[in-house]
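Following: one structure in structure tokens, then a few remarks.
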Amino acid sequence: MKYSQANLGRILVVRLEDKDTLHVCVEELAKKEKIERAAVIAIGGADKGSKLVVGPKEGRAEKIEPMVKVLEGVHEIAAVGTIFPDVEGNPKLHMHASCGRSDDTITGCVREGVDIWHIGEVIIFELTGNDASRKVDEETGFELLSV
């Protein structure tokens, strides 16, 4: 385990609109507001056709192949994530969401595109006094948090 300390900065309250793409809007707002690091929570509706990365095809395979699930129908969404700068200094959201419809729930990463269905609420808690960032891990290809 590796860790560092941060302080709480600004808190942004965001209302996403129908058809907005969750990760795109959050990253654009972070860039506009010069937020480099943050904790993020989101709730609302995910539109049909939204995509979640739901895991690798094989957990310990030499080449990691993501599995993508397309949502059939509108789902409720509850999500949590972080923003840290990538190797180019751009704010990069890493967020996992649980999406439910009736008795079924699916959980995954929003990076393939979760589109808002009418209701999207996001709270961004800016983290200051910290230099953590995302760096590409040569072995996995993942952008891992470096503290």
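Numbering starts fresh at 1 for the residues of each chain in the structure tokens, the chains themselves are lettered A, B, ... in the order given, and ligands are numbered from 1 as they appear.
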With DSSP run on the backbone, what are the strand (DSSP E or B) residues within chain A? I'd like them as JSON, numbers by chain. {"A": [7, 8, 9, 10, 11, 12, 13, 14, 15, 16, 21, 38, 39, 40, 41, 42, 43, 44, 45, 46, 51, 52, 53, 54, 55, 56, 66, 67, 68, 69, 70, 75, 76, 77, 78, 79, 80, 81, 82, 83, 84, 85, 91, 92, 93, 94, 95, 96, 97, 98, 99, 100, 101, 104, 105, 106, 107, 108, 109, 115, 116, 117, 118, 119, 120, 121, 122, 123, 124, 125, 126, 127, 128, 133, 134, 135, 136, 143, 144, 145, 146]}
Same residues, C-alpha atoms, output as an mmCIF file, in the first residue's frame:
data_model
loop_
_atom_site.group_PDB
_atom_site.id
_atom_site.type_symbol
_atom_site.label_atom_id
_atom_site.label_comp_id
_atom_site.auth_asym_id
_atom_site.auth_seq_id
_atom_site.Cartn_x
_atom_site.Cartn_y
_atom_site.Cartn_z
ATOM 1 C CA ASN A 7 -6.854 18.673 1.823
ATOM 2 C CA LEU A 8 -10.435 19.455 0.874
ATOM 3 C CA GLY A 9 -10.810 22.299 -1.614
ATOM 4 C CA ARG A 10 -13.910 23.444 -3.461
ATOM 5 C CA ILE A 11 -17.062 21.351 -3.712
ATOM 6 C CA LEU A 12 -18.948 21.508 -7.006
ATOM 7 C CA VAL A 13 -22.611 20.569 -7.269
ATOM 8 C CA VAL A 14 -23.460 19.526 -10.826
ATOM 9 C CA ARG A 15 -26.703 18.766 -12.601
ATOM 10 C CA LEU A 16 -26.185 16.738 -15.757
ATOM 11 C CA THR A 21 -22.194 11.518 -21.141
ATOM 12 C CA ALA A 38 -11.035 15.040 -6.642
ATOM 13 C CA ALA A 39 -13.394 12.488 -5.153
ATOM 14 C CA VAL A 40 -16.650 12.198 -7.115
ATOM 15 C CA ILE A 41 -20.094 10.761 -6.432
ATOM 16 C CA ALA A 42 -23.004 10.545 -8.870
ATOM 17 C CA ILE A 43 -26.638 9.429 -8.880
ATOM 18 C CA GLY A 44 -29.406 9.487 -11.437
ATOM 19 C CA GLY A 45 -30.551 7.621 -14.504
ATOM 20 C CA ALA A 46 -28.473 5.813 -17.138
ATOM 21 C CA LYS A 51 -21.825 1.013 -21.753
ATOM 22 C CA LEU A 52 -19.988 -0.321 -18.720
ATOM 23 C CA VAL A 53 -16.668 -2.138 -18.565
ATOM 24 C CA VAL A 54 -17.591 -5.144 -16.422
ATOM 25 C CA GLY A 55 -14.270 -6.893 -16.057
ATOM 26 C CA PRO A 56 -11.494 -8.584 -17.960
ATOM 27 C CA PRO A 66 -12.045 -5.795 -21.264
ATOM 28 C CA MET A 67 -15.639 -6.984 -21.284
ATOM 29 C CA VAL A 68 -18.220 -4.327 -22.159
ATOM 30 C CA LYS A 69 -21.906 -4.559 -21.238
ATOM 31 C CA VAL A 70 -24.485 -2.426 -23.044
ATOM 32 C CA HIS A 75 -31.291 2.013 -15.249
ATOM 33 C CA GLU A 76 -30.925 3.724 -11.893
ATOM 34 C CA ILE A 77 -27.301 4.634 -11.183
ATOM 35 C CA ALA A 78 -25.140 5.155 -8.097
ATOM 36 C CA ALA A 79 -21.463 5.807 -8.738
ATOM 37 C CA VAL A 80 -18.233 6.743 -7.003
ATOM 38 C CA GLY A 81 -14.890 7.707 -8.455
ATOM 39 C CA THR A 82 -11.751 9.811 -8.433
ATOM 40 C CA ILE A 83 -10.109 12.380 -10.661
ATOM 41 C CA PHE A 84 -6.335 12.521 -10.998
ATOM 42 C CA PRO A 85 -4.224 13.920 -13.832
ATOM 43 C CA PRO A 91 -7.993 15.383 -15.355
ATOM 44 C CA LYS A 92 -8.955 11.708 -15.759
ATOM 45 C CA LEU A 93 -12.058 10.259 -14.114
ATOM 46 C CA HIS A 94 -12.002 6.678 -12.842
ATOM 47 C CA MET A 95 -15.537 5.846 -11.771
ATOM 48 C CA HIS A 96 -17.456 2.656 -11.089
ATOM 49 C CA ALA A 97 -21.234 2.618 -11.157
ATOM 50 C CA SER A 98 -23.879 0.183 -10.045
ATOM 51 C CA CYS A 99 -26.823 0.299 -12.419
ATOM 52 C CA GLY A 100 -30.114 -1.329 -11.534
ATOM 53 C CA ARG A 101 -33.361 -2.098 -13.315
ATOM 54 C CA ASP A 104 -31.139 -6.847 -11.944
ATOM 55 C CA THR A 105 -28.003 -4.895 -11.129
ATOM 56 C CA ILE A 106 -24.749 -4.558 -13.047
ATOM 57 C CA THR A 107 -21.593 -2.826 -11.852
ATOM 58 C CA GLY A 108 -18.710 -1.564 -13.930
ATOM 59 C CA CYS A 109 -16.474 1.296 -15.027
ATOM 60 C CA ASP A 115 -25.401 8.578 -21.017
ATOM 61 C CA ILE A 116 -27.736 10.332 -18.620
ATOM 62 C CA TRP A 117 -31.453 9.625 -18.740
ATOM 63 C CA HIS A 118 -33.093 12.885 -17.568
ATOM 64 C CA ILE A 119 -31.551 12.914 -14.079
ATOM 65 C CA GLY A 120 -27.865 13.213 -13.306
ATOM 66 C CA GLU A 121 -26.469 14.668 -10.103
ATOM 67 C CA VAL A 122 -22.743 14.823 -9.403
ATOM 68 C CA ILE A 123 -20.803 16.154 -6.426
ATOM 69 C CA ILE A 124 -17.092 16.842 -6.988
ATOM 70 C CA PHE A 125 -14.933 17.175 -3.849
ATOM 71 C CA GLU A 126 -11.701 18.863 -4.906
ATOM 72 C CA LEU A 127 -8.508 17.544 -3.292
ATOM 73 C CA THR A 128 -5.653 20.025 -2.823
ATOM 74 C CA SER A 133 -1.310 11.287 -10.659
ATOM 75 C CA ARG A 134 -2.110 8.458 -13.051
ATOM 76 C CA LYS A 135 0.827 6.712 -14.732
ATOM 77 C CA VAL A 136 0.720 3.952 -17.324
ATOM 78 C CA GLU A 143 -3.310 4.076 -15.853
ATOM 79 C CA LEU A 144 -2.545 3.405 -12.181
ATOM 80 C CA LEU A 145 -2.610 5.913 -9.373
ATOM 81 C CA SER A 146 0.876 6.984 -8.330
#
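In this model, the gap between CA of Asp47 (chain A) and CA of Val74 (chain A) comes to 4.7 Å.
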Taking only C-alpha atoms into account, name the residue in A:Glu62, A:Glu112, A:Glu17, A:Glu33 that is nearest to Gly141 (chain A). A:Glu62
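The interatomic distance for the pair CA of Asp137 (chain A) and CA of Arg37 (chain A) works out to 19.6 Å.
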Per-residue DSSP, region 2-55 of chain A, filtered to helix (DSSP H, G or I), as a PyMOL selection string: chain A and resi 22-32
Could you please take those selected residues and save N, CA and C atoms as a compact mmCIF listing (two decimals), in the first residue's frame?
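Done, and the output landed in out-v8.txt:
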# COMPACT_ATOMS: atom_id res chain seq x y z
N LEU A 22 -21.62 10.96 -18.87
CA LEU A 22 -21.11 11.18 -17.51
C LEU A 22 -19.62 11.52 -17.47
N HIS A 23 -18.76 10.62 -17.94
CA HIS A 23 -17.31 10.85 -17.78
C HIS A 23 -16.83 12.05 -18.60
N VAL A 24 -17.43 12.28 -19.76
CA VAL A 24 -17.02 13.41 -20.61
C VAL A 24 -17.33 14.72 -19.90
N CYS A 25 -18.54 14.86 -19.38
CA CYS A 25 -18.93 16.09 -18.71
C CYS A 25 -18.09 16.36 -17.46
N VAL A 26 -17.86 15.33 -16.66
CA VAL A 26 -17.08 15.51 -15.43
C VAL A 26 -15.65 15.93 -15.78
N GLU A 27 -15.03 15.28 -16.76
CA GLU A 27 -13.66 15.64 -17.13
C GLU A 27 -13.59 17.04 -17.75
N GLU A 28 -14.58 17.41 -18.57
CA GLU A 28 -14.60 18.75 -19.15
C GLU A 28 -14.74 19.82 -18.07
N LEU A 29 -15.63 19.58 -17.11
CA LEU A 29 -15.82 20.54 -16.02
C LEU A 29 -14.55 20.65 -15.16
N ALA A 30 -13.94 19.52 -14.86
CA ALA A 30 -12.70 19.55 -14.07
C ALA A 30 -11.62 20.36 -14.79
N LYS A 31 -11.52 20.18 -16.10
CA LYS A 31 -10.52 20.94 -16.87
C LYS A 31 -10.86 22.43 -16.85
N LYS A 32 -12.12 22.78 -17.07
CA LYS A 32 -12.56 24.17 -17.08
C LYS A 32 -12.29 24.84 -15.73
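When CA of Lys48 (chain A) is paired with CA of Phe142 (chain A), their separation reads 27.5 Å.
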